[in-house]
$ cat query.cif   # mmCIF, C-alpha atoms
data_target
loop_
_atom_site.label_atom_id
_atom_site.label_comp_id
_atom_site.auth_asym_id
_atom_site.auth_seq_id
_atom_site.Cartn_x
_atom_site.Cartn_y
_atom_site.Cartn_z
CA MET O 17 23.31 21.22 -3.61
CA ILE O 18 19.71 20.65 -4.58
CA ALA O 19 16.94 23.14 -3.88
CA VAL O 20 13.43 21.82 -4.40
CA SER O 21 10.24 23.85 -4.36
CA PHE O 22 7.35 22.43 -6.30
CA GLU O 23 3.76 21.23 -6.20
CA LYS O 24 2.31 18.17 -7.84
CA ARG O 25 -1.36 17.26 -8.00
CA LEU O 26 -1.94 13.57 -7.22
CA PRO O 27 -5.28 11.76 -7.56
CA LEU O 28 -5.98 11.82 -3.80
CA PHE O 29 -4.09 14.88 -2.57
CA ASP O 30 -1.75 17.71 -3.52
CA LEU O 31 1.95 17.15 -2.90
CA ARG O 32 4.15 20.05 -1.79
CA ALA O 33 7.93 19.72 -1.58
CA ASP O 34 10.05 22.59 -0.30
CA PHE O 35 13.52 21.71 0.94
CA SER O 36 17.21 21.68 0.07
CA VAL O 37 20.05 19.18 0.54
CA ASP O 38 23.68 20.28 0.53
CA LYS O 39 26.51 17.71 0.52
CA SER O 40 24.83 15.64 3.20
CA THR O 41 22.46 12.71 3.50
CA ALA O 42 18.85 13.69 4.01
CA ILE O 43 16.20 11.09 4.73
CA LEU O 44 12.73 11.63 3.36
CA TRP O 45 10.55 9.77 5.77
CA GLY O 46 6.83 9.13 5.53
CA ASP O 47 4.12 6.50 5.38
CA SER O 48 3.56 4.31 2.35
CA GLY O 49 1.56 6.18 -0.29
CA ALA O 50 2.56 9.59 1.10
CA GLY O 51 4.20 10.58 -2.20
CA LYS O 52 7.89 9.96 -1.40
CA THR O 53 8.65 8.19 -4.68
CA THR O 54 6.83 10.90 -6.64
CA ILE O 55 9.15 13.52 -5.11
CA LEU O 56 12.22 11.49 -6.19
CA GLU O 57 10.76 11.00 -9.67
CA CYS O 58 10.13 14.73 -10.04
CA ILE O 59 13.72 15.49 -9.01
CA ALA O 60 15.08 12.87 -11.46
CA GLY O 61 12.87 14.18 -14.27
CA LEU O 62 10.77 11.02 -14.58
CA CYS O 63 7.67 12.89 -13.47
CA ARG O 64 6.65 16.51 -14.10
CA PRO O 65 5.59 18.81 -11.22
CA ASP O 66 2.64 21.13 -11.87
CA SER O 67 4.39 24.22 -10.54
CA GLY O 68 7.58 25.40 -8.86
CA GLU O 69 11.22 24.73 -9.62
CA ILE O 70 14.12 22.39 -8.98
CA VAL O 71 17.68 23.73 -8.93
CA LEU O 72 20.63 21.38 -8.99
CA ASP O 73 24.10 22.80 -8.27
CA GLY O 74 22.95 26.23 -9.43
CA ARG O 75 21.37 24.91 -12.65
CA THR O 76 17.61 25.10 -13.00
CA VAL O 77 16.57 21.64 -14.18
CA PHE O 78 12.86 22.36 -13.84
CA SER O 79 10.91 25.59 -13.73
CA ALA O 80 7.22 25.73 -14.54
CA SER O 81 7.25 29.53 -14.87
CA LEU O 82 10.33 29.59 -17.17
CA GLY O 83 9.18 26.53 -19.13
CA VAL O 84 12.39 24.64 -18.29
CA ASP O 85 12.23 20.83 -18.06
CA ILE O 86 15.64 19.23 -18.56
CA PRO O 87 15.25 15.55 -19.56
CA PRO O 88 16.40 12.94 -17.02
CA ARG O 89 19.43 11.88 -19.06
CA GLU O 90 20.88 15.41 -18.79
CA ARG O 91 20.20 15.99 -15.09
CA ARG O 92 23.06 13.83 -13.76
CA VAL O 93 20.96 12.47 -10.93
CA GLY O 94 21.81 8.95 -9.77
CA TYR O 95 18.69 6.94 -8.97
CA VAL O 96 18.54 3.67 -7.05
CA PHE O 97 15.04 2.29 -7.60
CA GLN O 98 13.09 0.47 -4.91
CA ASP O 99 13.28 -2.82 -6.81
CA TYR O 100 16.75 -1.76 -8.11
CA ALA O 101 15.55 -1.88 -11.77
CA LEU O 102 18.63 -3.82 -12.85
CA PHE O 103 18.64 -4.90 -16.48
CA PRO O 104 17.92 -8.64 -16.23
CA HIS O 105 19.37 -9.55 -19.63
CA LEU O 106 22.75 -7.95 -18.91
CA THR O 107 25.56 -9.08 -16.62
CA ALA O 108 26.55 -7.03 -13.57
CA GLU O 109 29.44 -5.49 -15.54
CA GLU O 110 27.22 -4.68 -18.52
CA ASN O 111 24.69 -3.04 -16.18
CA VAL O 112 27.40 -0.65 -14.99
CA ARG O 113 29.04 -0.27 -18.41
CA LEU O 114 25.77 0.96 -19.91
CA ALA O 115 26.06 4.02 -17.66
CA LEU O 116 29.60 4.77 -18.86
CA PRO O 117 30.91 6.24 -22.11
CA ALA O 118 31.92 3.58 -24.67
CA GLY O 119 35.28 1.94 -24.08
CA GLU O 120 35.44 2.46 -20.32
CA LYS O 121 35.36 -1.23 -19.49
CA ARG O 122 38.08 -0.90 -16.86
CA LYS O 123 36.04 1.73 -15.03
CA ALA O 124 33.05 -0.63 -14.80
CA GLU O 125 35.29 -3.26 -13.23
CA ASP O 126 36.61 -0.65 -10.78
CA TYR O 127 33.09 0.25 -9.64
CA LEU O 128 32.20 -3.40 -9.12
CA GLU O 129 35.44 -3.99 -7.16
CA ARG O 130 34.75 -0.93 -5.04
CA PHE O 131 31.40 -2.36 -4.01
CA GLY O 132 32.80 -5.84 -3.36
CA ILE O 133 31.08 -7.56 -6.28
CA GLY O 134 34.01 -7.71 -8.69
CA GLY O 135 33.83 -11.51 -8.68
CA LEU O 136 30.24 -11.37 -9.89
CA ARG O 137 30.82 -9.19 -12.93
CA ARG O 138 29.71 -11.89 -15.37
CA THR O 139 26.64 -12.78 -13.30
CA LYS O 140 23.17 -11.64 -14.33
CA PRO O 141 20.99 -9.88 -11.72
CA GLY O 142 18.61 -12.85 -11.42
CA LEU O 143 21.40 -14.84 -9.80
CA LEU O 144 22.41 -12.14 -7.29
CA SER O 145 21.26 -11.96 -3.67
CA GLY O 146 19.29 -8.96 -2.43
CA GLY O 147 22.41 -7.34 -0.93
CA GLU O 148 24.44 -7.90 -4.10
CA LYS O 149 21.67 -6.43 -6.22
CA GLN O 150 21.57 -3.37 -4.01
CA ARG O 151 25.34 -2.87 -4.27
CA LEU O 152 25.16 -3.28 -8.03
CA ALA O 153 22.32 -0.73 -8.24
CA ILE O 154 24.33 1.82 -6.21
CA ALA O 155 27.50 1.12 -8.23
CA ARG O 156 25.55 1.65 -11.47
CA ALA O 157 23.98 4.88 -10.22
CA LEU O 158 27.37 6.25 -9.09
CA ALA O 159 29.02 5.29 -12.40
CA THR O 160 27.24 8.26 -14.01
CA GLU O 161 29.16 10.53 -11.58
CA PRO O 162 25.92 12.17 -10.45
CA ARG O 163 25.58 15.48 -8.64
CA LEU O 164 22.85 13.99 -6.47
CA LEU O 165 22.09 10.43 -5.43
CA LEU O 166 18.47 9.39 -4.88
CA LEU O 167 17.69 6.11 -3.15
CA ASP O 168 14.12 4.82 -3.02
CA GLU O 169 13.62 2.43 -0.08
CA PRO O 170 16.92 0.69 -0.87
CA PHE O 171 16.71 -1.66 2.13
CA SER O 172 13.07 -2.72 1.94
CA ALA O 173 13.74 -5.82 -0.20
CA LEU O 174 16.41 -7.18 2.17
CA ASP O 175 15.99 -9.66 5.02
CA ARG O 176 16.81 -8.44 8.53
CA ALA O 177 20.33 -9.95 8.76
CA THR O 178 21.39 -8.59 5.36
CA ARG O 179 19.82 -5.24 6.18
CA GLU O 180 21.98 -4.81 9.33
CA ASP O 181 25.15 -5.42 7.28
CA THR O 182 23.98 -3.14 4.51
CA TYR O 183 23.24 -0.31 6.95
CA ARG O 184 26.90 -0.43 8.02
CA GLU O 185 28.06 -0.45 4.41
CA PHE O 186 25.79 2.48 3.61
CA LEU O 187 27.08 4.53 6.55
CA THR O 188 30.66 3.97 5.35
CA LEU O 189 29.67 4.93 1.80
CA ARG O 190 27.74 7.97 3.05
CA ASP O 191 30.86 9.31 4.74
CA GLN O 192 33.00 8.61 1.66
CA LEU O 193 30.66 10.33 -0.76
CA ALA O 194 31.13 14.07 -0.89
CA MET O 195 27.74 14.57 -2.48
CA SER O 196 24.12 15.27 -1.72
CA VAL O 197 22.13 12.13 -1.00
CA LEU O 198 18.35 11.88 -0.60
CA LEU O 199 17.13 8.54 0.73
CA VAL O 200 13.48 7.61 1.04
CA THR O 201 12.20 5.28 3.72
CA HIS O 202 9.00 4.51 5.60
CA SER O 203 10.99 3.20 8.60
CA ARG O 204 11.51 5.69 11.39
CA ALA O 205 14.42 3.67 12.84
CA GLU O 206 16.14 3.58 9.45
CA ALA O 207 15.69 7.34 9.08
CA GLU O 208 17.27 8.04 12.46
CA LEU O 209 20.18 5.66 11.84
CA LEU O 210 21.17 6.69 8.33
CA GLY O 211 20.59 10.39 7.83
CA HIS O 212 22.26 13.63 8.79
CA ARG O 213 18.80 15.18 8.55
CA ILE O 214 15.25 13.89 8.52
CA LEU O 215 12.58 15.40 6.30
CA GLU O 216 9.12 14.23 7.20
CA LEU O 217 6.46 13.89 4.53
CA ARG O 218 3.02 14.12 6.09
CA ASP O 219 -0.32 15.19 4.65
CA GLY O 220 1.33 16.00 1.34
CA SER O 221 3.91 18.42 2.76
CA VAL O 222 7.60 18.04 3.61
CA SER O 223 8.85 19.49 6.88
CA GLU O 224 12.29 19.52 8.50
CA GLU O 225 12.54 17.40 11.63
CA GLY O 226 15.98 18.45 12.82
CA SER O 227 19.22 16.55 12.91
CA MET M 1 10.29 -15.14 -46.20
CA ILE M 2 10.47 -11.71 -47.88
CA ALA M 3 6.89 -11.02 -46.73
CA THR M 4 7.88 -11.91 -43.14
CA VAL M 5 10.80 -9.46 -43.23
CA PHE M 6 8.49 -6.66 -44.42
CA THR M 7 5.81 -7.67 -41.90
CA LEU M 8 8.36 -7.55 -39.07
CA ALA M 9 9.67 -4.12 -40.09
CA ILE M 10 6.20 -2.59 -40.46
CA GLY M 11 4.67 -4.37 -37.43
CA LEU M 12 7.54 -3.47 -35.09
CA ALA M 13 7.66 0.16 -36.27
CA LEU M 14 3.89 0.59 -35.79
CA ALA M 15 3.93 -1.14 -32.39
CA ARG M 16 6.83 1.06 -31.25
CA LEU M 17 5.07 4.21 -32.47
CA PHE M 18 1.73 3.31 -30.92
CA THR M 19 3.18 2.22 -27.55
CA SER M 20 5.59 5.12 -27.06
CA CYS M 21 3.78 8.15 -28.53
CA ARG M 22 0.39 9.73 -28.11
CA VAL M 23 -1.19 8.98 -31.46
CA PRO M 24 -4.54 10.63 -32.22
CA PHE M 25 -7.36 8.20 -33.13
CA LEU M 26 -5.21 5.28 -31.96
CA ARG M 27 -8.18 2.85 -31.84
CA LEU M 28 -9.07 3.73 -35.42
CA TRP M 29 -5.53 3.07 -36.70
CA GLU M 30 -5.35 -0.18 -34.76
CA ALA M 31 -8.73 -1.26 -36.16
CA LEU M 32 -7.40 -0.62 -39.68
CA ILE M 33 -4.30 -2.75 -39.02
CA LEU M 34 -6.36 -5.56 -37.50
CA LEU M 35 -9.08 -5.50 -40.16
CA PRO M 36 -7.54 -8.25 -42.38
CA MET M 37 -7.74 -10.59 -39.39
CA VAL M 38 -11.54 -10.49 -39.39
CA PHE M 39 -12.11 -9.88 -43.11
CA PRO M 40 -12.70 -12.96 -45.30
CA PRO M 41 -9.40 -13.38 -47.26
CA THR M 42 -11.09 -12.96 -50.65
CA ILE M 43 -12.52 -9.60 -49.54
CA THR M 44 -9.04 -8.52 -48.39
CA GLY M 45 -7.77 -9.63 -51.80
CA TYR M 46 -10.47 -7.70 -53.62
CA LEU M 47 -9.69 -4.59 -51.56
CA LEU M 48 -6.00 -4.95 -52.45
CA LEU M 49 -7.00 -5.38 -56.07
CA LEU M 50 -8.89 -2.09 -55.91
CA LEU M 51 -5.96 -0.34 -54.20
CA PHE M 52 -3.16 -1.74 -56.37
CA GLY M 53 -5.06 -2.14 -59.66
CA LYS M 54 -4.15 0.22 -62.51
CA ARG M 55 -6.95 2.61 -61.51
CA GLY M 56 -6.41 2.22 -57.77
CA PRO M 57 -4.75 4.98 -55.72
CA PHE M 58 -1.49 3.05 -55.18
CA GLY M 59 -1.63 1.19 -58.48
CA ALA M 60 -1.91 4.44 -60.45
CA ILE M 61 1.16 5.90 -58.73
CA LEU M 62 3.13 2.69 -59.31
CA ALA M 63 1.99 2.59 -62.94
CA GLU M 64 3.33 6.13 -63.40
CA LEU M 65 6.68 4.79 -62.22
CA GLY M 66 6.40 1.91 -64.64
CA ILE M 67 5.82 -0.68 -61.92
CA GLN M 68 3.20 -3.37 -62.47
CA VAL M 69 2.13 -5.07 -59.23
CA ILE M 70 -0.97 -7.12 -59.97
CA PHE M 71 -0.29 -10.77 -60.91
CA THR M 72 3.39 -10.56 -59.98
CA TRP M 73 5.29 -12.11 -57.06
CA GLY M 74 5.25 -8.61 -55.53
CA ALA M 75 1.45 -8.88 -55.30
CA ALA M 76 1.81 -12.20 -53.46
CA VAL M 77 4.16 -10.44 -50.99
CA ILE M 78 1.67 -7.57 -50.52
CA ALA M 79 -1.15 -10.05 -49.86
CA SER M 80 0.97 -12.01 -47.37
CA VAL M 81 2.12 -8.85 -45.55
CA THR M 82 -1.46 -7.56 -45.30
CA VAL M 83 -2.89 -10.74 -43.78
CA ALA M 84 0.12 -11.41 -41.49
CA LEU M 85 0.50 -7.83 -40.20
CA PRO M 86 -2.28 -8.06 -37.57
CA LEU M 87 -0.56 -11.02 -35.90
CA MET M 88 2.86 -9.36 -36.05
CA TYR M 89 1.53 -6.03 -34.78
CA GLN M 90 -0.31 -7.63 -31.87
CA SER M 91 2.70 -9.74 -30.87
CA CYS M 92 5.09 -6.76 -31.05
CA ARG M 93 2.68 -4.51 -29.15
CA SER M 94 2.23 -7.07 -26.36
CA ALA M 95 5.98 -7.75 -26.23
CA LEU M 96 6.88 -4.04 -26.01
CA ARG M 97 4.18 -3.39 -23.40
CA SER M 98 5.42 -6.29 -21.28
CA VAL M 99 8.80 -4.58 -20.72
CA ASP M 100 8.92 -3.03 -17.25
CA ARG M 101 8.75 0.77 -17.64
CA ARG M 102 11.01 1.14 -14.58
CA LEU M 103 13.86 -0.40 -16.59
CA GLU M 104 13.43 2.23 -19.30
CA ASP M 105 13.29 4.92 -16.59
CA ALA M 106 16.51 3.48 -15.15
CA GLY M 107 18.07 3.85 -18.59
CA ARG M 108 16.98 7.51 -18.69
CA THR M 109 18.60 8.26 -15.32
CA LEU M 110 21.79 6.62 -16.61
CA GLY M 111 21.99 9.20 -19.37
CA LEU M 112 20.88 6.99 -22.26
CA SER M 113 19.06 8.42 -25.27
CA GLU M 114 15.60 7.05 -26.17
CA ALA M 115 17.07 5.28 -29.21
CA ARG M 116 19.74 3.59 -27.08
CA ILE M 117 17.15 2.61 -24.44
CA PHE M 118 15.12 0.95 -27.18
CA ARG M 119 18.15 -0.82 -28.65
CA ALA M 120 19.86 -1.89 -25.44
CA ILE M 121 16.94 -2.45 -23.06
CA THR M 122 13.46 -2.60 -24.61
CA LEU M 123 14.22 -4.61 -27.74
CA PRO M 124 16.29 -7.41 -26.12
CA LEU M 125 13.68 -7.83 -23.39
CA ALA M 126 10.81 -7.87 -25.89
CA LEU M 127 12.64 -10.16 -28.32
CA PRO M 128 11.03 -13.49 -27.31
CA GLY M 129 7.54 -12.05 -27.91
CA ILE M 130 8.63 -10.45 -31.18
CA LEU M 131 10.15 -13.73 -32.40
CA ALA M 132 6.91 -15.54 -31.52
CA GLY M 133 5.16 -12.95 -33.70
CA VAL M 134 7.64 -13.62 -36.52
CA ALA M 135 6.92 -17.36 -36.33
CA LEU M 136 3.14 -16.86 -36.31
CA SER M 137 3.26 -14.30 -39.13
CA PHE M 138 5.46 -16.59 -41.21
CA ALA M 139 2.92 -19.39 -40.74
CA ARG M 140 0.03 -17.08 -41.62
CA ALA M 141 1.82 -15.81 -44.74
CA LEU M 142 2.67 -19.36 -45.72
CA GLY M 143 -0.96 -20.43 -45.51
CA GLU M 144 -2.39 -17.43 -47.33
CA PHE M 145 -4.74 -18.48 -50.15
CA GLY M 146 -7.74 -16.28 -50.88
CA SER M 147 -6.24 -12.81 -51.12
CA THR M 148 -3.12 -14.10 -52.95
CA LEU M 149 -5.35 -15.74 -55.55
CA MET M 150 -7.28 -12.49 -56.01
CA ILE M 151 -4.32 -10.15 -56.39
CA ALA M 152 -1.47 -12.37 -57.64
CA GLY M 153 -3.32 -15.16 -59.42
CA ASN M 154 -2.06 -18.74 -59.57
CA ILE M 155 0.80 -18.65 -62.08
CA PRO M 156 3.16 -21.63 -61.62
CA GLY M 157 6.75 -20.55 -61.05
CA ARG M 158 5.76 -16.90 -60.58
CA THR M 159 2.96 -16.30 -58.11
CA GLN M 160 1.98 -19.81 -57.11
CA THR M 161 2.29 -20.24 -53.34
CA MET M 162 2.23 -23.63 -51.60
CA PRO M 163 -1.51 -23.59 -50.74
CA LEU M 164 -2.29 -22.59 -54.35
CA ALA M 165 0.00 -25.33 -55.68
CA LEU M 166 -1.71 -27.88 -53.43
CA TYR M 167 -5.14 -26.72 -54.64
CA SER M 168 -4.02 -27.06 -58.26
CA ALA M 169 -2.53 -30.50 -57.61
CA VAL M 170 -5.75 -31.79 -56.02
CA GLU M 171 -7.88 -30.26 -58.75
CA GLY M 172 -5.65 -31.87 -61.41
CA GLY M 173 -5.74 -35.28 -59.67
CA HIS M 174 -1.99 -35.23 -58.86
CA ASN M 175 -2.35 -36.87 -55.46
CA GLU M 176 1.37 -37.62 -54.94
CA GLU M 177 2.26 -33.99 -55.49
CA ALA M 178 -0.56 -32.91 -53.16
CA ASN M 179 0.66 -35.34 -50.48
CA LEU M 180 4.16 -33.91 -50.75
CA TYR M 181 2.81 -30.38 -50.19
CA LEU M 182 0.79 -31.69 -47.25
CA LEU M 183 3.92 -33.21 -45.72
CA VAL M 184 5.99 -30.02 -46.20
CA ALA M 185 3.17 -27.84 -44.80
CA THR M 186 2.75 -30.13 -41.78
CA VAL M 187 6.48 -30.15 -40.96
CA LEU M 188 6.79 -26.36 -41.40
CA SER M 189 3.66 -25.61 -39.37
CA PHE M 190 4.75 -27.99 -36.61
CA ALA M 191 8.17 -26.32 -36.47
CA VAL M 192 6.59 -22.86 -36.38
CA VAL M 193 4.24 -23.77 -33.51
CA ILE M 194 7.16 -25.19 -31.51
CA VAL M 195 9.36 -22.14 -32.21
CA ALA M 196 6.51 -19.74 -31.29
CA GLY M 197 5.86 -21.60 -28.03
CA PHE M 198 9.58 -21.66 -27.21
CA CYS M 199 9.92 -17.92 -27.88
CA GLU M 200 6.86 -16.99 -25.82
CA GLY M 201 8.05 -19.06 -22.89
CA ARG M 202 11.55 -17.62 -23.07
CA SER M 203 10.99 -14.41 -21.18
CA VAL M 204 13.62 -13.10 -18.77
CA PRO M 205 14.30 -15.81 -16.18
CA PRO M 206 12.97 -15.18 -12.68
CA SER M 207 15.33 -14.76 -9.76
CA ARG M 208 17.44 -17.85 -9.38
CA TYR M 209 19.35 -16.79 -6.30
CA SER M 210 17.96 -19.73 -4.35
CA GLU M 211 18.99 -22.02 -7.22
CA ARG M 212 22.54 -20.70 -7.04
CA ASN M 213 22.65 -21.16 -3.27
CA SER M 214 21.38 -24.70 -3.45
CA ARG M 215 24.18 -25.77 -5.77
#
$ encode --input "query.cif" --output "structure tokens"
Amino acid sequence: MIAVSFEKRLPLFDLRADFSVDKSTAILWGDSGAGKTTILECIAGLCRPDSGEIVLDGRTVFSASLGVDIPPRERRVGYVFQDYALFPHLTAEENVRLALPAGEKRKAEDYLERFGIGGLRRTKPGLLSGGEKQRLAIARALATEPRLLLLDEPFSALDRATREDTYREFLTLRDQLAMSVLLVTHSRAEAELLGHRILELRDGSVSEEGS
Amino acid sequence: MIATVFTLAIGLALARLFTSCRVPFLRLWEALILLPMVFPPTITGYLLLLLFGKRGPFGAILAELGIQVIFTWGAAVIASVTVALPLMYQSCRSALRSVDRRLEDAGRTLGLSEARIFRAITLPLALPGILAGVALSFARALGEFGSTLMIAGNIPGRTQTMPLALYSAVEGGHNEEANLYLLVATVLSFAVVIVAGFCEGRSVPPSRYSERNSR
């Protein structure tokens, strides 16, 4: 479970996030530039809130008042970036293996097989399609065995046909994963299709929309 | 070659420090590193002579340790490193800055330490730009004349570099020897320019998904 309650001053407005996600998939929905990515970055530890706290599975990973700011590498938060941020000089297998302790080559292969890209393990990201890149990015994020999975607009780079297929794959994965997932999108339809809950980000504040 | 190794180590370390940490008076430090690029070489040489001479701040310390620098091959290396460092530093800085910060952030979320991120992600991606810097610095060190003459002299077999040897050959009327140096310098410089261009153009390939599909 993740409990988020923080404020972050942005150049144009103040961002307030106050919500929790518990072993379900929550969709953070809002217009472009509303601050959705900043919220994910604060949770992952890539960006520092100005006040408040973030508690992950009972462990305070950030608290402005207590002076706690656990670095991203110790938070165990899986992050799928909007452009996937795959390492272009490494093969698909090496991308996943980097997230694993040394010597767990077999495990990297297992993750790739699980996401249907086992045959592409020696392929570099530049040669993968949008859908394959997305699967690789999710496989890599899950290889760290995170307590929370963050996905930043994971379908925005896909064409419509691929997106329909990937929605189905994501729904299957969502039901398999017994973990908290926070997915960001600017598409209302996507939010309604993919989430157990919708959190709306408007005017710098997050509010629950219901299930 | 030795000068290039030192230049790479110093240039890369400084570029890494200045691109990843908040360094006070950054512009001032950078101006100091880049100064030999705009200084006339003889003035750089004279400055080195003041610093590494027996009464200079570094020279005095080295003299205490029994190390004589001036008019040795070590002085030629110091002169070459000083004049080549601006090129190496600028190449390394540009190469490190060109690496997408999101990739380093991705490494952080995967649990990697900063040292491992640098080794496994930043350095390989910046390598073409760094190698271009190595080629350019090597060429600059190879062509160094003025400051080497000031601090290391022109002692055949000890501190005489190729430009100094060519100068001596022309002055002594040994045209064949001078022509040989000209040929070697031309071939080396040509190779360096080609290598530098190849390295700079060899950034991470763009998406070739369409290429794969068209096969």
$ residues_near_point --input "query.cif" --point "(1.6, -7.1, -39.1)" --cutoff "7 Å" --atoms "only C-alpha atoms" --output "ChimeraX atom specification"
/M:7-8,10-11,81-82,84-89
$ interface_residues --input "query.cif" --of "chain O" --to "chain M" --cutoff "7 Å" --atoms "all atoms listed in the file" --output "list in words"
Ala60, Leu62, Pro88, Arg89, Glu90, Val93, Gly94, Tyr95, Ala101, Leu102, Phe103, Pro104, His105, Ala115, Gly142, Leu143, Leu144, Ser145, Ala157 and Thr160 of chain O
$ atom_distance --input "query.cif" --atom1 "atom CA of Gly74 of chain M" --atom2 "atom CA of Leu28 of chain M"
27.6 Å
$ atom_distance --input "query.cif" --atom1 "atom CA of Met37 of chain M" --atom2 "atom CA of Ala13 of chain M"
19.0 Å
$ resolve_selection --input "query.cif" --expression "the PyMOL selection byres ((chain O and resi 202) around 8)" --output "PDB file with C-alpha atoms, in the coordinates of the input"
ATOM      1  CA  TRP O  45      10.550   9.770   5.770  1.00  0.00           C
ATOM      2  CA  GLY O  46       6.830   9.130   5.530  1.00  0.00           C
ATOM      3  CA  ASP O  47       4.120   6.500   5.380  1.00  0.00           C
ATOM      4  CA  SER O  48       3.560   4.310   2.350  1.00  0.00           C
ATOM      5  CA  GLU O 169      13.620   2.430  -0.080  1.00  0.00           C
ATOM      6  CA  VAL O 200      13.480   7.610   1.040  1.00  0.00           C
ATOM      7  CA  THR O 201      12.200   5.280   3.720  1.00  0.00           C
ATOM      8  CA  SER O 203      10.990   3.200   8.600  1.00  0.00           C
ATOM      9  CA  ARG O 204      11.510   5.690  11.390  1.00  0.00           C
TER      10      ARG O 204
END
$ resolve_selection --input "query.cif" --expression "the PyMOL selection byres ((chain O and resi 20) around 10)" --output "ChimeraX atom specification"
/O:17-19,21-23,32-37,55,58-59,68-72,78
$ closest_atom_pairs --input "query.cif" --of "segment 124-185 of chain M" --to "segment 62-71 of chain M" --cutoff "12 Å" --atoms "all atoms listed in the file" --output "Markdown table"
| residue | atom | partner | partner_atom | distance |
| --- | --- | --- | --- | --- |
| M:Ser147 | CA | M:Phe71 | CA | 11.6 |
| M:Thr148 | CA | M:Phe71 | CA | 9.1 |
| M:Leu149 | CA | M:Phe71 | CA | 8.9 |
| M:Met150 | CA | M:Phe71 | CA | 8.7 |
| M:Ile151 | CA | M:Ile70 | CA | 5.8 |
| M:Ala152 | CA | M:Phe71 | CA | 3.8 |
| M:Gly153 | CA | M:Phe71 | CA | 5.5 |
| M:Asn154 | CA | M:Phe71 | CA | 8.3 |
| M:Ile155 | CA | M:Phe71 | CA | 8.0 |
| M:Pro156 | CA | M:Phe71 | CA | 11.4 |
| M:Arg158 | CA | M:Phe71 | CA | 8.6 |
| M:Thr159 | CA | M:Phe71 | CA | 7.0 |
| M:Gln160 | CA | M:Phe71 | CA | 10.1 |
$ atom_distance --input "query.cif" --atom1 "atom CA of Ser172 of chain O" --atom2 "atom CA of Leu116 of chain O"
27.6 Å
$ resolve_selection --input "query.cif" --expression "the PyMOL selection byres ((chain M and resi 30) around 10)" --output "CSV table (one decimal) with C-alpha atoms, in the coordinates of the input"
chain,number,residue,atom,x,y,z
M,14,LEU,CA,3.9,0.6,-35.8
M,15,ALA,CA,3.9,-1.1,-32.4
M,18,PHE,CA,1.7,3.3,-30.9
M,25,PHE,CA,-7.4,8.2,-33.1
M,26,LEU,CA,-5.2,5.3,-32.0
M,27,ARG,CA,-8.2,2.8,-31.8
M,28,LEU,CA,-9.1,3.7,-35.4
M,29,TRP,CA,-5.5,3.1,-36.7
M,31,ALA,CA,-8.7,-1.3,-36.2
M,32,LEU,CA,-7.4,-0.6,-39.7
M,33,ILE,CA,-4.3,-2.8,-39.0
M,34,LEU,CA,-6.4,-5.6,-37.5
M,35,LEU,CA,-9.1,-5.5,-40.2
M,86,PRO,CA,-2.3,-8.1,-37.6
M,89,TYR,CA,1.5,-6.0,-34.8
M,90,GLN,CA,-0.3,-7.6,-31.9
$ axis_aligned_box --input "query.cif" --around "segment 145-156 of chain M" --padding-each-side "4 Å" --output "AutoDock Vina command-line options"
--center_x -2.3 --center_y -15.9 --center_z -56.1 --size_x 18.9 --size_y 19.5 --size_z 19.9
$ closest_residue --input "query.cif" --among "O:Val96, O:Ala42, O:Cys63, O:Ile214" --to "Pro170 of chain O" --atoms "only C-alpha atoms"
O:Val96
$ residues_around --input "query.cif" --residues "Thr53 of chain O" --least-positions-apart "3" --cutoff "7 Å" --atoms "all atoms listed in the file" --output "list of chain:residue names"
O:Leu56, O:Glu57, O:Asp168
$ residues_around --input "query.cif" --residues "Leu142 of chain M" --least-positions-apart "6" --cutoff "9 Å" --atoms "only C-alpha atoms" --output "list in words"
Met1, Ser80, Thr161, Met162, Pro163, Ala185 and Ser189 of chain M
$ residues_around --input "query.cif" --residues "Val193 of chain M" --least-positions-apart "2" --cutoff "12 Å" --atoms "all atoms listed in the file" --output "list in words"
Leu131, Ala132, Gly133, Val134, Ala135, Leu136, Ser137, Phe138, Ala139, Arg140, Thr186, Val187, Leu188, Ser189, Phe190, Ala191, Val195, Ala196, Gly197, Phe198, Cys199 and Glu200 of chain M
$ closest_residue --input "query.cif" --among "O:Arg64, O:Arg91, O:Phe29, O:Leu158" --to "Ser79 of chain O" --atoms "only C-alpha atoms"
O:Arg64
